[in-house]
Each structure stands twice: as structure tokens, then as C-alpha cells.
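Report on one structure; see the data block that follows.
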Amino acid sequence: MVTKEQRRRQLAREKFERQQQRRTVEQSKARRRNAVVAAVVAVVVAAGATAYATGSLDGKDKPKTDAAASATPSATTPAKAPDPCAKPGAGTPGKEQWKSEPAMAIDKSAKYTFTLQTTCGDIALALNAEKAPSTVNSFKFLADKGYFDHTKCHRLTAEGIYVLQCGDPTGTGQGGPGYTIPDENLKDPSVAKGTYPAGTVAMANTSKPHTGGSQFFLVYKDSPLPASYTPFGTIGADGMKVLEKIAGAGAAAADAQGNTAPNATVVINKAVVKQS
């Protein structure tokens with residue numbers, strides 16, 4: 001007999017899968033729309049209208065490869081609590097893109113720490129380079145480039161699945177670095193049974209294999225999710241306290257992209273990956 005808790009978890013997973021399917025459809029529409037835009041631009045360029053063509057190629061209309069959510073938005077919006085975080089430092093997110101995954105440049109046998117210096121406090125993540133080398137290598141590359149600096153954590157889920165999602169400079173859940181990385185470590189015992197335990201750091205993707213980019217999520221409470229999202233590190237005790245503070249402030253109603261933004265002003269002022 002199915003228990004009430006099992007039914008709740010099943011509904012959470014089904015809701016999550018429906019959301020991922022909607023995002024995949026939206027991305028397909030965006031790609032078709034941008035193909036039309038590209039065709040129009042080509043005609044304009046051929047006619048010699050250089051200024052117009054340049055304005056259309058600034059990247060604002062490009063389809064994004066790193067979709068977002070590996071978590072289900074809250075069905076209900078928690079009451080808004082006072083913002084527990086400080087104002088962001090001066091600066092704006094970068095817009096740099098890359099055509100391919102960076103070459104392997106880390107020591108797979110070494111230990112790495114990914115520190116998020118946020119407006120709510122520092123969150124230190126111990127990365128698993130041995131089991132997720134491509135992911136760790138990519139994050140070190142992006143952090144060294146300042147890719148995560150001044151970016152908002154755009155989603156907080158507070159029902160069914162409990163995660164804070166970050167890593168998108170656009171703040172929409174649709175942004176990415178221009179390349180994707182392979183899935184890794186999906187058979188890890190910690191997630192193999194369909195639950196991502198509190199303290200896990202994992203990749204977001206488009207719900208299709210090998211579509212991770214720069215977006216990642218931090219699990220602050222055990223969350224029922226299929227083992228489809230690369231687990232590549234763990235959150236330290238002090239970082240968990242910061243996450244609990246952020247979660248305590250609740251989340252806003254879902255926006256047009258389905259993001260339930262944290263009420264707390266969670267901005268990564270600086271992100272650093274260091275070999276320890």
C-alpha cells in the first residue's frame with residue numbers, strides 16, 4: 001500500500017518532470033525563432049545594412065543551452081520574511097561565452113574547494129575531482145574567469161524538493177557558458193536511490209543527458225530526485241547554516257520562467273576554486 005509520504009514524493013517527481021518537459025518545448029521554440037532571426041540578419045547583411053546586422057548579433061536573442069531547474073517550484077509561496085542578507089558588491093555579471101568545454105587542467109587526485117562569497121555569507125564546497133573530473137575542471141575554469149562573480153542565485157524551492165540554484169549570469173534559469181559537459185558520478189550510492197541528501201552540490205541540466213553547463217544547485221534538505229544530476233561535491237557545516245538562513249526567508253511566487261526566486265538577496269560577489 002502506498003503511504004502518504006510515498007505519494008507526496010511521487011507527486012513532487014511528476015511535477016518536476018512536467019516542468020522540465022515544458023522548458024524543453026520552450027527552448028525548441030526559441031531555437032526556431034532565432035533561426036528565423038538569423039535568416040533575416042543574413043539578408044540584411046547581404047544588402048549592406050551593416051549597422052542593423054551588428055545590433056542583432058549581440059547575443060541577447062541567442063538560445064540558451066543550460067536550462068535550469070533541477071528542482072520543482074513551490075506549489076505555495078511561503079510568507080515573506082525580512083531579507084537576512086547584505087547588499088551586493090559593485091559589479092555586474094559577465095557575458096563571455098566559449099565554444100567548447102575547457103581542456104582538462106586539474107589534478108584528478110587532488111582536493112579542491114569551491115568557495116562562494118555571497119551576500120548572505122560564505123558557502124564552502126568540497127569538490128570531488130576523482131569522481132567528477134570534467135565538472136570540477138569546468139567549474140575551476142569558469143571561476144578563474146570570474147564567470148560566477150556578481151551573479152544571483154535565481155531559484156529557491158521550499159516544498160517537495162529543497163534546493164538553492166545558482167550559476168546563471170542572466171538570472172533567468174536559461175543561461176550558460178556556451179558549452180555543455182558530460183554527466184558524471186550518477187551511480188554514486190548517495191544519490192542512486194532517488195534522493196539527493198542535504199549537503200549535496202549537483203549540476204542542473206535540461207532533463208536530457210549531458211546538458212550541464214554552469215548552473216548548479218545546493219541541497220539544504222533531503223530531496224527526492226532521480227539520479228540524473230551530476231553530484232560533484234558537498235557543502236560544509238558553516239555553508240549549511242547560510243543555506244538555512246536563506247531558506248528561512250522563503251521564496252517569491254514563480255515568474256514567467258517558473259523560477260521561485262529567494263526572498264533573500266543571494267548574490268555571489270566572488271567565486272573561487274582552489275586546490276587544497
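Ordering of the C-alpha cells sets the chain letters (A, B, ...); residue numbers start at 1 within each chain; ligands are numbered from 1 in the order shown.
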Could you pull the residues within 9 Å of Ala126 of chain A, counting only C-alpha atoms, minus those fewer than 5 positions along the same chain, as a PDB file with all heavy atoms, in the first residue's frame?
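The resulting part18.pdb:
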ATOM      1  N   LYS A 111      42.463  17.555  -3.999  1.00  0.00           N
ATOM      2  CA  LYS A 111      41.244  18.073  -3.390  1.00  0.00           C
ATOM      3  C   LYS A 111      41.076  19.541  -3.775  1.00  0.00           C
ATOM      4  O   LYS A 111      42.035  20.313  -3.770  1.00  0.00           O
ATOM      5  CB  LYS A 111      41.301  17.930  -1.867  1.00  0.00           C
ATOM      6  CG  LYS A 111      41.327  16.478  -1.387  1.00  0.00           C
ATOM      7  CD  LYS A 111      41.345  16.404   0.126  1.00  0.00           C
ATOM      8  CE  LYS A 111      41.338  14.957   0.604  1.00  0.00           C
ATOM      9  NZ  LYS A 111      41.359  14.867   2.090  1.00  0.00           N
ATOM     10  N   TYR A 112      39.832  19.911  -4.092  1.00  0.00           N
ATOM     11  CA  TYR A 112      39.535  21.284  -4.479  1.00  0.00           C
ATOM     12  C   TYR A 112      38.380  21.817  -3.645  1.00  0.00           C
ATOM     13  O   TYR A 112      37.445  21.077  -3.299  1.00  0.00           O
ATOM     14  CB  TYR A 112      39.172  21.371  -5.963  1.00  0.00           C
ATOM     15  CG  TYR A 112      40.334  21.093  -6.896  1.00  0.00           C
ATOM     16  CD1 TYR A 112      40.656  19.783  -7.268  1.00  0.00           C
ATOM     17  CD2 TYR A 112      41.122  22.126  -7.393  1.00  0.00           C
ATOM     18  CE1 TYR A 112      41.724  19.528  -8.115  1.00  0.00           C
ATOM     19  CE2 TYR A 112      42.197  21.873  -8.237  1.00  0.00           C
ATOM     20  CZ  TYR A 112      42.488  20.576  -8.586  1.00  0.00           C
ATOM     21  OH  TYR A 112      43.553  20.319  -9.431  1.00  0.00           O
ATOM     22  N   THR A 113      38.441  23.106  -3.344  1.00  0.00           N
ATOM     23  CA  THR A 113      37.377  23.778  -2.607  1.00  0.00           C
ATOM     24  C   THR A 113      36.801  24.900  -3.457  1.00  0.00           C
ATOM     25  O   THR A 113      37.543  25.707  -4.021  1.00  0.00           O
ATOM     26  CB  THR A 113      37.899  24.362  -1.279  1.00  0.00           C
ATOM     27  OG1 THR A 113      38.443  23.307  -0.480  1.00  0.00           O
ATOM     28  CG2 THR A 113      36.775  25.037  -0.510  1.00  0.00           C
ATOM     29  N   PHE A 114      35.490  24.934  -3.575  1.00  0.00           N
ATOM     30  CA  PHE A 114      34.770  25.954  -4.330  1.00  0.00           C
ATOM     31  C   PHE A 114      34.098  26.856  -3.294  1.00  0.00           C
ATOM     32  O   PHE A 114      33.158  26.441  -2.615  1.00  0.00           O
ATOM     33  CB  PHE A 114      33.733  25.271  -5.222  1.00  0.00           C
ATOM     34  CG  PHE A 114      32.960  26.172  -6.142  1.00  0.00           C
ATOM     35  CD1 PHE A 114      33.459  27.395  -6.567  1.00  0.00           C
ATOM     36  CD2 PHE A 114      31.716  25.771  -6.619  1.00  0.00           C
ATOM     37  CE1 PHE A 114      32.740  28.205  -7.441  1.00  0.00           C
ATOM     38  CE2 PHE A 114      30.993  26.566  -7.498  1.00  0.00           C
ATOM     39  CZ  PHE A 114      31.506  27.790  -7.898  1.00  0.00           C
ATOM     40  N   THR A 115      34.587  28.073  -3.134  1.00  0.00           N
ATOM     41  CA  THR A 115      34.040  28.984  -2.129  1.00  0.00           C
ATOM     42  C   THR A 115      33.188  30.053  -2.787  1.00  0.00           C
ATOM     43  O   THR A 115      33.656  30.785  -3.657  1.00  0.00           O
ATOM     44  CB  THR A 115      35.163  29.655  -1.320  1.00  0.00           C
ATOM     45  OG1 THR A 115      35.960  28.639  -0.699  1.00  0.00           O
ATOM     46  CG2 THR A 115      34.573  30.554  -0.236  1.00  0.00           C
ATOM     47  N   VAL A 201      26.016  19.032  -3.569  1.00  0.00           N
ATOM     48  CA  VAL A 201      26.120  20.020  -4.643  1.00  0.00           C
ATOM     49  C   VAL A 201      26.022  19.256  -5.955  1.00  0.00           C
ATOM     50  O   VAL A 201      26.758  18.285  -6.163  1.00  0.00           O
ATOM     51  CB  VAL A 201      27.470  20.768  -4.618  1.00  0.00           C
ATOM     52  CG1 VAL A 201      27.486  21.870  -5.670  1.00  0.00           C
ATOM     53  CG2 VAL A 201      27.746  21.341  -3.252  1.00  0.00           C
ATOM     54  N   PHE A 232      28.711  16.557  -7.483  1.00  0.00           N
ATOM     55  CA  PHE A 232      30.157  16.772  -7.619  1.00  0.00           C
ATOM     56  C   PHE A 232      30.807  17.398  -6.388  1.00  0.00           C
ATOM     57  O   PHE A 232      31.957  17.822  -6.441  1.00  0.00           O
ATOM     58  CB  PHE A 232      30.472  17.617  -8.860  1.00  0.00           C
ATOM     59  CG  PHE A 232      29.948  19.035  -8.839  1.00  0.00           C
ATOM     60  CD1 PHE A 232      30.787  20.099  -8.529  1.00  0.00           C
ATOM     61  CD2 PHE A 232      28.630  19.310  -9.156  1.00  0.00           C
ATOM     62  CE1 PHE A 232      30.326  21.406  -8.524  1.00  0.00           C
ATOM     63  CE2 PHE A 232      28.145  20.613  -9.164  1.00  0.00           C
ATOM     64  CZ  PHE A 232      28.992  21.667  -8.840  1.00  0.00           C
ATOM     65  N   GLY A 233      30.085  17.419  -5.278  1.00  0.00           N
ATOM     66  CA  GLY A 233      30.697  17.952  -4.069  1.00  0.00           C
ATOM     67  C   GLY A 233      29.735  17.974  -2.902  1.00  0.00           C
ATOM     68  O   GLY A 233      28.571  17.570  -3.017  1.00  0.00           O
ATOM     69  N   THR A 234      30.251  18.454  -1.773  1.00  0.00           N
ATOM     70  CA  THR A 234      29.444  18.554  -0.559  1.00  0.00           C
ATOM     71  C   THR A 234      29.633  19.920   0.079  1.00  0.00           C
ATOM     72  O   THR A 234      30.665  20.581  -0.102  1.00  0.00           O
ATOM     73  CB  THR A 234      29.813  17.455   0.453  1.00  0.00           C
ATOM     74  OG1 THR A 234      31.229  17.510   0.704  1.00  0.00           O
ATOM     75  CG2 THR A 234      29.457  16.074  -0.073  1.00  0.00           C
ATOM     76  N   ILE A 235      28.621  20.326   0.843  1.00  0.00           N
ATOM     77  CA  ILE A 235      28.605  21.644   1.474  1.00  0.00           C
ATOM     78  C   ILE A 235      29.090  21.512   2.911  1.00  0.00           C
ATOM     79  O   ILE A 235      28.658  20.623   3.651  1.00  0.00           O
ATOM     80  CB  ILE A 235      27.178  22.220   1.460  1.00  0.00           C
ATOM     81  CG1 ILE A 235      26.601  22.187   0.044  1.00  0.00           C
ATOM     82  CG2 ILE A 235      27.148  23.633   2.020  1.00  0.00           C
ATOM     83  CD1 ILE A 235      25.098  22.368  -0.013  1.00  0.00           C
ATOM     84  N   GLY A 236      29.960  22.429   3.325  1.00  0.00           N
ATOM     85  CA  GLY A 236      30.462  22.413   4.689  1.00  0.00           C
ATOM     86  C   GLY A 236      29.411  22.833   5.695  1.00  0.00           C
ATOM     87  O   GLY A 236      28.359  23.387   5.348  1.00  0.00           O
TER      88      GLY A 236
END
Quick one: which segment 93-149 of chain A residues come within 12 Å of segment 262-271 of chain A, and what is the nearest atom pair for each with the distance in Å to one decimal, counting only C-alpha atoms, rows ordered by chain and ascending number, as a tab-separated table?
residue	atom	partner	partner_atom	distance
A:Pro93	CA	A:Asn269	CA	9.6
A:Thr113	CA	A:Ala271	CA	10.4
A:Phe114	CA	A:Ala271	CA	7.1
A:Thr115	CA	A:Ala271	CA	5.7
A:Leu116	CA	A:Ala271	CA	4.7
A:Gln117	CA	A:Lys270	CA	5.2
A:Thr118	CA	A:Ile268	CA	4.3
A:Thr119	CA	A:Val267	CA	5.6
A:Cys120	CA	A:Val266	CA	6.3
A:Gly121	CA	A:Val266	CA	9.2
A:Asp122	CA	A:Ile268	CA	9.1
A:Ile123	CA	A:Ala271	CA	9.6
A:Ala124	CA	A:Ala271	CA	9.8
A:Leu125	CA	A:Ala271	CA	10.8
A:Phe139	CA	A:Ala271	CA	9.7
A:Lys140	CA	A:Ala271	CA	9.5
A:Phe141	CA	A:Ala271	CA	11.2
A:Leu142	CA	A:Ala271	CA	9.2
A:Ala143	CA	A:Ala271	CA	5.8
A:Asp144	CA	A:Ala271	CA	8.4
A:Lys145	CA	A:Ala271	CA	9.8
A:Gly146	CA	A:Ala271	CA	7.2
A:Tyr147	CA	A:Ala271	CA	8.3
A:Phe148	CA	A:Ala271	CA	6.0
A:Asp149	CA	A:Lys270	CA	4.6
Hey, can you spit out that residue selection with N, CA and C atoms as a short mmCIF file (atom, residue, chain, number, x, y, z; two decimals), in the first residue's frame?
data_model
loop_
_atom_site.label_atom_id
_atom_site.label_comp_id
_atom_site.auth_asym_id
_atom_site.auth_seq_id
_atom_site.Cartn_x
_atom_site.Cartn_y
_atom_site.Cartn_z
N PRO A 93 27.35 40.90 -13.75
CA PRO A 93 27.74 39.59 -14.28
C PRO A 93 28.38 39.72 -15.66
N THR A 113 38.44 23.11 -3.34
CA THR A 113 37.38 23.78 -2.61
C THR A 113 36.80 24.90 -3.46
N PHE A 114 35.49 24.93 -3.57
CA PHE A 114 34.77 25.95 -4.33
C PHE A 114 34.10 26.86 -3.29
N THR A 115 34.59 28.07 -3.13
CA THR A 115 34.04 28.98 -2.13
C THR A 115 33.19 30.05 -2.79
N LEU A 116 31.93 30.12 -2.37
CA LEU A 116 31.01 31.14 -2.84
C LEU A 116 30.96 32.24 -1.79
N GLN A 117 31.51 33.39 -2.11
CA GLN A 117 31.46 34.53 -1.20
C GLN A 117 30.18 35.31 -1.51
N THR A 118 29.12 34.98 -0.79
CA THR A 118 27.80 35.54 -1.10
C THR A 118 27.44 36.68 -0.16
N THR A 119 26.39 37.38 -0.52
CA THR A 119 25.88 38.46 0.31
C THR A 119 25.28 37.95 1.61
N CYS A 120 25.06 36.65 1.70
CA CYS A 120 24.46 36.04 2.88
C CYS A 120 25.49 35.33 3.75
N GLY A 121 26.73 35.28 3.29
CA GLY A 121 27.79 34.58 3.99
C GLY A 121 28.52 33.64 3.05
N ASP A 122 29.68 33.18 3.46
CA ASP A 122 30.48 32.29 2.62
C ASP A 122 29.93 30.86 2.67
N ILE A 123 29.91 30.23 1.50
CA ILE A 123 29.50 28.83 1.39
C ILE A 123 30.66 28.07 0.76
N ALA A 124 31.30 27.22 1.53
CA ALA A 124 32.45 26.45 1.05
C ALA A 124 31.99 25.06 0.63
N LEU A 125 32.40 24.66 -0.57
CA LEU A 125 32.02 23.38 -1.14
C LEU A 125 33.27 22.54 -1.39
N PHE A 139 34.25 23.98 -13.56
CA PHE A 139 33.97 24.99 -12.54
C PHE A 139 35.20 25.78 -12.17
N LYS A 140 36.35 25.12 -12.14
CA LYS A 140 37.58 25.87 -11.87
C LYS A 140 37.87 26.85 -13.01
N PHE A 141 37.69 26.39 -14.23
CA PHE A 141 37.89 27.25 -15.40
C PHE A 141 36.98 28.49 -15.32
N LEU A 142 35.69 28.26 -15.07
CA LEU A 142 34.73 29.37 -15.04
C LEU A 142 35.00 30.31 -13.86
N ALA A 143 35.32 29.74 -12.71
CA ALA A 143 35.61 30.57 -11.54
C ALA A 143 36.86 31.43 -11.78
N ASP A 144 37.88 30.84 -12.39
CA ASP A 144 39.10 31.59 -12.70
C ASP A 144 38.84 32.73 -13.66
N LYS A 145 37.82 32.57 -14.51
CA LYS A 145 37.45 33.61 -15.47
C LYS A 145 36.52 34.66 -14.86
N GLY A 146 36.11 34.46 -13.60
CA GLY A 146 35.19 35.40 -12.96
C GLY A 146 33.76 35.25 -13.43
N TYR A 147 33.44 34.08 -14.00
CA TYR A 147 32.12 33.87 -14.61
C TYR A 147 30.98 33.96 -13.59
N PHE A 148 31.22 33.49 -12.37
CA PHE A 148 30.16 33.46 -11.36
C PHE A 148 30.06 34.75 -10.56
N ASP A 149 31.03 35.63 -10.69
CA ASP A 149 31.06 36.85 -9.88
C ASP A 149 29.88 37.76 -10.20
#
*Using only C-alpha atoms, which residue out of A:Lys187, A:Tyr162, A:Ser223, A:Val136 lies closest to Met203 of chain A?*
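Ranking A:Lys187, A:Tyr162, A:Ser223, A:Val136 by distance to Met203 of chain A, first place goes to A:Val136.
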*Using only C-alpha atoms, which of A:Ala237, A:Pro182, A:Thr135, A:His154 sits nearest Ala202 of chain A?*
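Between A:Ala237, A:Pro182, A:Thr135, A:His154, the residue approaching Ala202 of chain A most closely is A:Thr135.
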*Have a look at atom CA of Phe216 of chain A and atom CA of Gln10 of chain A and let me know their distance in Å, one decimal.*
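Computing the Euclidean distance for atom CA of Phe216 of chain A and atom CA of Gln10 of chain A yields 23.1 Å.
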*Give the answer as one residue: which of A:Ser276, A:Asn185, A:Thr172, A:Gln97 has the shortest atom-to-atom distance to Glu130 of chain A, using only C-alpha atoms?*
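Looking at the shortest contact to Glu130 of chain A, the residue is A:Asn185.
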